[in-house]
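Data first, discussion second: the structure below is written as C-alpha cells.
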Amino acid sequence: MSVNQYIKPWTTEVKDGHLVIGGCDVVELVKKYGSPLYVIDEKTLRTVCKEYIEAFTEYPNVSILYASKALATSAIFKIVTQEGLGLDVVSGGEIYTAYKAGIDMSKLMFNGNNKQDWELESALDVGVGRISVDNFHDIELLGKITEQNNKTADILLRITPGIDCHTHEYIQTGHLDSKFGFDLTQVDDAVKLIKTTYPKINIKGLHAHIGSQIFDTAGYVDEAKILVKELARINKEYGLTLSELNLGGGLGVKYVETDTPPDIKHVANTVIKTLLAEFKEHNLSDIELYIEPGRSVISTSGVTLYTAGASKQVPHGTKYISVDGGMADNPRPAMYQAEYTCDVANKMDITEKETVTIAGRYCESGDILIKEISLPPIVSGDILCIYNTGAYNYSMASNYNRVQKIGMVLVNNSQSDIIVYRETLEDLISHDNIPDRLK
Ligand code: LLP
C-alpha cells in the first residue's frame, strides 16, 4: 500500500491512551504550541516523496514536481526538494517562497491561467525552469516580457484534453468547458502565434491536468494518449521537435474508509506503459515527462488538532461538539462537502461511542467539519485530531471572523519544530491603516 491509501500518518500510534504522531504525544503538542494546530509528520512526507521517485524509476527521463498549491511553506519546500522533487508553482508568492528557501529555481514550473506581468518577470529573473502557457493572453504577455528583457522562455502549452474525470465539479479541470488551457482547436493558432511573433519563446512540449482527488486511473491513460498524439501531430505539421510532456497531478487520497485511491506505483506503471506504447506508435523517443502531484504528496502527512469547547444536544436531534477552529483553517467541508476522519487524541483507549457532529467556531451554519461521526463521549478540553489535512487546508486558510491563522509544527523522531508561526493579534492589524481624516 502506498502512503495516499492511508488515512493517518505512517507513524501514528497509541501510547497510554494518547495519540502519538512522529513520536510526539499530540496532547503534549497542544500544551506546548497551543490549539488549534497543524501537524506535519516528516517521515510520512519523505516516504511518499521516495515512493513517487521509486514508482517512476522505470521511466528514466522524469521530473516529479510537487504541486505547491497544496501546501506552500519554506520548510515543506526544503523537504520535498531534498527528496528530489521539483516544484509546480502558480504565483509570485510561491516563486518567492521557493527562492528565499534556496531552492534550485530550474526545477520549478510556473502554471496559472492569469499570470501577472510582475510574476512572469520575476520567474524569468530568478530562472524558473519552465512556464506553462495557458492562453493567448499569456503568450502575448510573455512574448512582450521576453523581448523587453531580452530573455528567452522555455514553455509548455497547456491544453484542455476534454476528459471528464469523476470528482467534485470545482476540482475538475481537464473537461472541455474549463477556464484552463487551450482547447484542442486552439492549439494550432497558439503554435503559429509563437512561431511567427515571439522568437524568444521556445515551445518545449505540452501540459495538461485533468482534475484533483482522482481515483480512476483510466483518466490518465486517456490524457496520455491525447497528449502524445497532439505532440506528434504538432511536430509533424510544424517541423518541430517538442519533447516534453506534463501530465499534471490529481491522484486522490483516502479521507474516509470508503475512499479507494489507487496505489502510486500502479498509476505510474499504467502511465508509463501507455506512454511507451503511444511513443512507439507515433515514432517518438526521449520524451521528458513531468508529473505534478500535490494532494497525494502532502495530505496524509498532515493532521489538525483542535480543542473541544461548547456542546449542544438538539432535543431529539444532532449532538454538536464545537471546536476552536473550523472553516478558516479547513474550508474544504464547506466548499466541497469534503469528508474527514477524526479521533479523540486523549481518549484513544475508550471503547464507548456516541454519534456527534463536529462544528467549527465560525459564524456560519455551514461551518461543520464532520457530520455524524462515532467517537468516544467528548467533553470540553478534549483534543480532537482530524486526519489528512496536509493538503489545501493551510493553503486555503483565511482570517474569517478576524481570527488568527493557526501555526504548524513538524514532527519526527519525537522532536517537534515550528514551521509556521501562529499569527498574533498584532499580525491581524499589521496591514490596517487608519487614514488621518478618521483619527
Ligand atoms: N497541476 C495543476 C495544473 C493543478 O491545477 C493542480 C491542482 C495540481 C497540479 C495538483 O493537483 P493535486 O495532485 O493536488 O490533486 N482546493 C481543491 C483542490 C484544487 C486543485 C487545483 N489544482 C481541494 O481542496 O480539493
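Chain identifiers are assigned as A, B, and so on, following the order in which chains appear in the C-alpha cells; residues are numbered from 1 within each chain, and ligands are numbered from 1 in order of appearance.
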
TODO: Identify all residues of region 385-430 of chain A in strand (DSSP E or B) (DSSP on the backbone) and supply them as a ChimeraX atom specification.
DONE: /A:385-387,407-412,415-420

Let me see the file: selected residues, C-alpha atoms, as an mmCIF file, in the first residue's frame.
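Saved to selection.cif:
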```cif
data_model
loop_
_atom_site.group_PDB
_atom_site.id
_atom_site.type_symbol
_atom_site.label_atom_id
_atom_site.label_comp_id
_atom_site.auth_asym_id
_atom_site.auth_seq_id
_atom_site.Cartn_x
_atom_site.Cartn_y
_atom_site.Cartn_z
ATOM 1 C CA CYS A 385 -7.336 15.116 15.756
ATOM 2 C CA ILE A 386 -8.676 15.426 12.209
ATOM 3 C CA TYR A 387 -6.591 13.391 9.766
ATOM 4 C CA GLY A 407 0.555 27.563 13.430
ATOM 5 C CA MET A 408 2.193 24.439 12.002
ATOM 6 C CA VAL A 409 4.610 22.048 13.645
ATOM 7 C CA LEU A 410 6.850 19.432 12.017
ATOM 8 C CA VAL A 411 7.283 16.201 13.984
ATOM 9 C CA ASN A 412 9.876 13.493 13.544
ATOM 10 C CA GLN A 415 11.104 16.001 18.035
ATOM 11 C CA SER A 416 8.795 18.887 17.187
ATOM 12 C CA ASP A 417 9.647 22.172 15.492
ATOM 13 C CA ILE A 418 7.535 25.134 14.442
ATOM 14 C CA ILE A 419 7.478 25.554 10.661
ATOM 15 C CA VAL A 420 4.750 28.223 10.563
#
```

- [ ] Would you kindly return, as a PyMOL selection string, each protein, DNA or RNA residue with an atom no farther than 7 Å from any atom of region 56-65 of chain A, considering only C-alpha atoms and excluding same-chain residues fewer than 4 positions away?
- [x] chain A and resi 52+85-88+268+272+288-293

Spatial neighbours of region 224-237 of chain A, 10 Å, only C-alpha atoms, chain gap at least 4 places, as a PDB file with C-alpha atoms, in the first residue's frame:
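Result saved to around27.pdb:
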```
ATOM      1  CA  ILE A 159      -4.127  22.117 -23.295  1.00  0.00           C
ATOM      2  CA  THR A 160      -7.605  21.013 -22.245  1.00  0.00           C
ATOM      3  CA  PRO A 161      -7.796  17.378 -23.268  1.00  0.00           C
ATOM      4  CA  GLY A 162     -11.571  17.103 -22.839  1.00  0.00           C
ATOM      5  CA  ILE A 163     -11.572  14.472 -20.128  1.00  0.00           C
ATOM      6  CA  LEU A 184      -7.556  21.379 -28.850  1.00  0.00           C
ATOM      7  CA  VAL A 187      -3.509  24.774 -30.263  1.00  0.00           C
ATOM      8  CA  ASP A 188      -2.529  25.438 -33.895  1.00  0.00           C
ATOM      9  CA  VAL A 191       1.833  27.460 -32.043  1.00  0.00           C
ATOM     10  CA  GLY A 205       6.156  20.472 -25.045  1.00  0.00           C
ATOM     11  CA  LEU A 206       2.595  20.092 -23.820  1.00  0.00           C
ATOM     12  CA  HIS A 207       0.924  20.177 -20.427  1.00  0.00           C
ATOM     13  CA  ALA A 208      -2.486  19.125 -19.121  1.00  0.00           C
ATOM     14  CA  ALA A 218      -8.354   5.490 -16.825  1.00  0.00           C
ATOM     15  CA  GLY A 219      -8.381   9.301 -16.962  1.00  0.00           C
ATOM     16  CA  TYR A 220      -4.566   9.347 -17.024  1.00  0.00           C
ATOM     17  CA  THR A 241      10.882  18.727 -32.034  1.00  0.00           C
ATOM     18  CA  LEU A 242       8.733  19.160 -28.945  1.00  0.00           C
ATOM     19  CA  SER A 243       9.979  16.591 -26.460  1.00  0.00           C
ATOM     20  CA  GLU A 244       8.313  17.280 -23.105  1.00  0.00           C
ATOM     21  CA  LEU A 245       5.010  16.176 -21.621  1.00  0.00           C
ATOM     22  CA  ASN A 246       3.496  17.253 -18.320  1.00  0.00           C
ATOM     23  CA  LEU A 247       0.555  15.118 -17.218  1.00  0.00           C
ATOM     24  CA  VAL A 271       1.045   5.746 -17.251  1.00  0.00           C
ATOM     25  CA  ILE A 272       4.491   4.513 -18.267  1.00  0.00           C
ATOM     26  CA  THR A 274       0.612   3.791 -22.023  1.00  0.00           C
ATOM     27  CA  LEU A 275       3.260   6.365 -22.863  1.00  0.00           C
ATOM     28  CA  LEU A 276       5.757   3.835 -24.186  1.00  0.00           C
ATOM     29  CA  ALA A 277       3.133   2.240 -26.430  1.00  0.00           C
ATOM     30  CA  GLU A 278       1.996   5.636 -27.702  1.00  0.00           C
ATOM     31  CA  PHE A 279       5.559   6.838 -28.311  1.00  0.00           C
ATOM     32  CA  GLU A 281       3.050   4.231 -32.388  1.00  0.00           C
ATOM     33  CA  HIS A 282       3.893   7.859 -33.082  1.00  0.00           C
ATOM     34  CA  ASN A 283       7.600   7.361 -33.610  1.00  0.00           C
ATOM     35  CA  LEU A 284       8.681   9.486 -30.666  1.00  0.00           C
ATOM     36  CA  ILE A 287      10.373  12.420 -24.230  1.00  0.00           C
TER      37      ILE A 287
END
```

- [ ] Check which residues fall inside 7 Å of ligand 1 when counting only C-alpha atoms and all ligand atoms, and print them as a ChimeraX atom specification.
- [x] /A:67,70,88,111,171,208-209,211-213,248-252,292-296,332,391-392

Task: Test item: residues at most 9 Å from Glu423 (chain A), only C-alpha atoms, excluding those fewer than 4 positions along its chain, as JSON, numbers by chain - done: {"A": [403, 404, 405, 406, 407, 427, 428]}

TODO: May I have all residues of region 272-415 of chain A that DSSP, computed from the backbone, assigns to alpha helix (DSSP H), given as a list in words?
DONE: Ile272, Lys273, Thr274, Leu275, Leu276, Ala277, Glu278, Phe279, Lys280, Glu281, Arg295, Ser296, Val297, Ile298, Arg332, Pro333, Ala334, Met335 and Tyr336 of chain A

Only N, CA and C atoms, please: the residues just picked out, written as a PDB file, in the first residue's frame.
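Output contents, as saved in result-v9.pdb:
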```
ATOM      1  N   ILE A 272       3.257   4.803 -17.518  1.00  0.00           N
ATOM      2  CA  ILE A 272       4.491   4.513 -18.267  1.00  0.00           C
ATOM      3  C   ILE A 272       4.187   3.559 -19.430  1.00  0.00           C
ATOM      4  N   LYS A 273       3.402   2.529 -19.122  1.00  0.00           N
ATOM      5  CA  LYS A 273       3.054   1.547 -20.167  1.00  0.00           C
ATOM      6  C   LYS A 273       2.331   2.237 -21.341  1.00  0.00           C
ATOM      7  N   THR A 274       1.364   3.077 -20.984  1.00  0.00           N
ATOM      8  CA  THR A 274       0.612   3.791 -22.023  1.00  0.00           C
ATOM      9  C   THR A 274       1.540   4.676 -22.845  1.00  0.00           C
ATOM     10  N   LEU A 275       2.385   5.424 -22.144  1.00  0.00           N
ATOM     11  CA  LEU A 275       3.260   6.365 -22.863  1.00  0.00           C
ATOM     12  C   LEU A 275       4.176   5.618 -23.822  1.00  0.00           C
ATOM     13  N   LEU A 276       4.801   4.540 -23.332  1.00  0.00           N
ATOM     14  CA  LEU A 276       5.757   3.835 -24.186  1.00  0.00           C
ATOM     15  C   LEU A 276       5.072   3.286 -25.438  1.00  0.00           C
ATOM     16  N   ALA A 277       3.863   2.766 -25.257  1.00  0.00           N
ATOM     17  CA  ALA A 277       3.133   2.240 -26.430  1.00  0.00           C
ATOM     18  C   ALA A 277       2.789   3.372 -27.396  1.00  0.00           C
ATOM     19  N   GLU A 278       2.377   4.501 -26.841  1.00  0.00           N
ATOM     20  CA  GLU A 278       1.996   5.636 -27.702  1.00  0.00           C
ATOM     21  C   GLU A 278       3.218   6.235 -28.411  1.00  0.00           C
ATOM     22  N   PHE A 279       4.335   6.294 -27.686  1.00  0.00           N
ATOM     23  CA  PHE A 279       5.559   6.838 -28.311  1.00  0.00           C
ATOM     24  C   PHE A 279       5.944   5.976 -29.508  1.00  0.00           C
ATOM     25  N   LYS A 280       5.826   4.647 -29.306  1.00  0.00           N
ATOM     26  CA  LYS A 280       6.180   3.718 -30.372  1.00  0.00           C
ATOM     27  C   LYS A 280       5.280   3.962 -31.594  1.00  0.00           C
ATOM     28  N   GLU A 281       4.000   4.044 -31.298  1.00  0.00           N
ATOM     29  CA  GLU A 281       3.050   4.231 -32.388  1.00  0.00           C
ATOM     30  C   GLU A 281       3.298   5.531 -33.154  1.00  0.00           C
ATOM     31  N   ARG A 295      -1.802  17.001  -3.630  1.00  0.00           N
ATOM     32  CA  ARG A 295      -2.535  16.386  -2.522  1.00  0.00           C
ATOM     33  C   ARG A 295      -1.907  15.061  -2.072  1.00  0.00           C
ATOM     34  N   SER A 296      -1.619  14.182  -3.058  1.00  0.00           N
ATOM     35  CA  SER A 296      -1.145  12.841  -2.683  1.00  0.00           C
ATOM     36  C   SER A 296       0.258  12.884  -2.086  1.00  0.00           C
ATOM     37  N   VAL A 297       0.970  14.008  -2.236  1.00  0.00           N
ATOM     38  CA  VAL A 297       2.287  14.125  -1.615  1.00  0.00           C
ATOM     39  C   VAL A 297       2.142  14.570  -0.151  1.00  0.00           C
ATOM     40  N   ILE A 298       1.263  15.517   0.102  1.00  0.00           N
ATOM     41  CA  ILE A 298       1.299  16.169   1.418  1.00  0.00           C
ATOM     42  C   ILE A 298       0.115  15.838   2.327  1.00  0.00           C
ATOM     43  N   ARG A 332     -12.520  23.107   3.326  1.00  0.00           N
ATOM     44  CA  ARG A 332     -12.905  22.055   2.368  1.00  0.00           C
ATOM     45  C   ARG A 332     -14.292  21.455   2.616  1.00  0.00           C
ATOM     46  N   PRO A 333     -14.684  21.178   3.868  1.00  0.00           N
ATOM     47  CA  PRO A 333     -16.041  20.647   4.047  1.00  0.00           C
ATOM     48  C   PRO A 333     -17.100  21.632   3.558  1.00  0.00           C
ATOM     49  N   ALA A 334     -16.914  22.919   3.859  1.00  0.00           N
ATOM     50  CA  ALA A 334     -17.910  23.913   3.432  1.00  0.00           C
ATOM     51  C   ALA A 334     -17.890  24.107   1.915  1.00  0.00           C
ATOM     52  N   MET A 335     -16.703  24.032   1.305  1.00  0.00           N
ATOM     53  CA  MET A 335     -16.597  24.300  -0.136  1.00  0.00           C
ATOM     54  C   MET A 335     -16.936  23.115  -1.012  1.00  0.00           C
ATOM     55  N   TYR A 336     -16.471  21.936  -0.585  1.00  0.00           N
ATOM     56  CA  TYR A 336     -16.604  20.767  -1.473  1.00  0.00           C
ATOM     57  C   TYR A 336     -17.359  19.611  -0.824  1.00  0.00           C
TER      58      TYR A 336
END
```

Task: Residue nearest Met109 (chain A) among A:Ser122, A:Ser74, A:Ser91, A:Ser132 (counting only C-alpha atoms) - done: A:Ser132

Open item on the list: as an NGL selection string, please: the residues near region 347-359 of chain A (cut-off 8 Å, only C-alpha atoms, same-chain neighbours under 2 positions excluded).
Closed with: :A and (14 or 16-19 or 318-323 or 326 or 343-345 or 361 or 367-377)

- [ ] Just give me the gap between CA of Lys144 (chain A) and CA of Gln116 (chain A) in Å, one decimal is fine.
- [x]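 Computing the Euclidean distance for CA of Lys144 (chain A) and CA of Gln116 (chain A) yields 12.4 Å.
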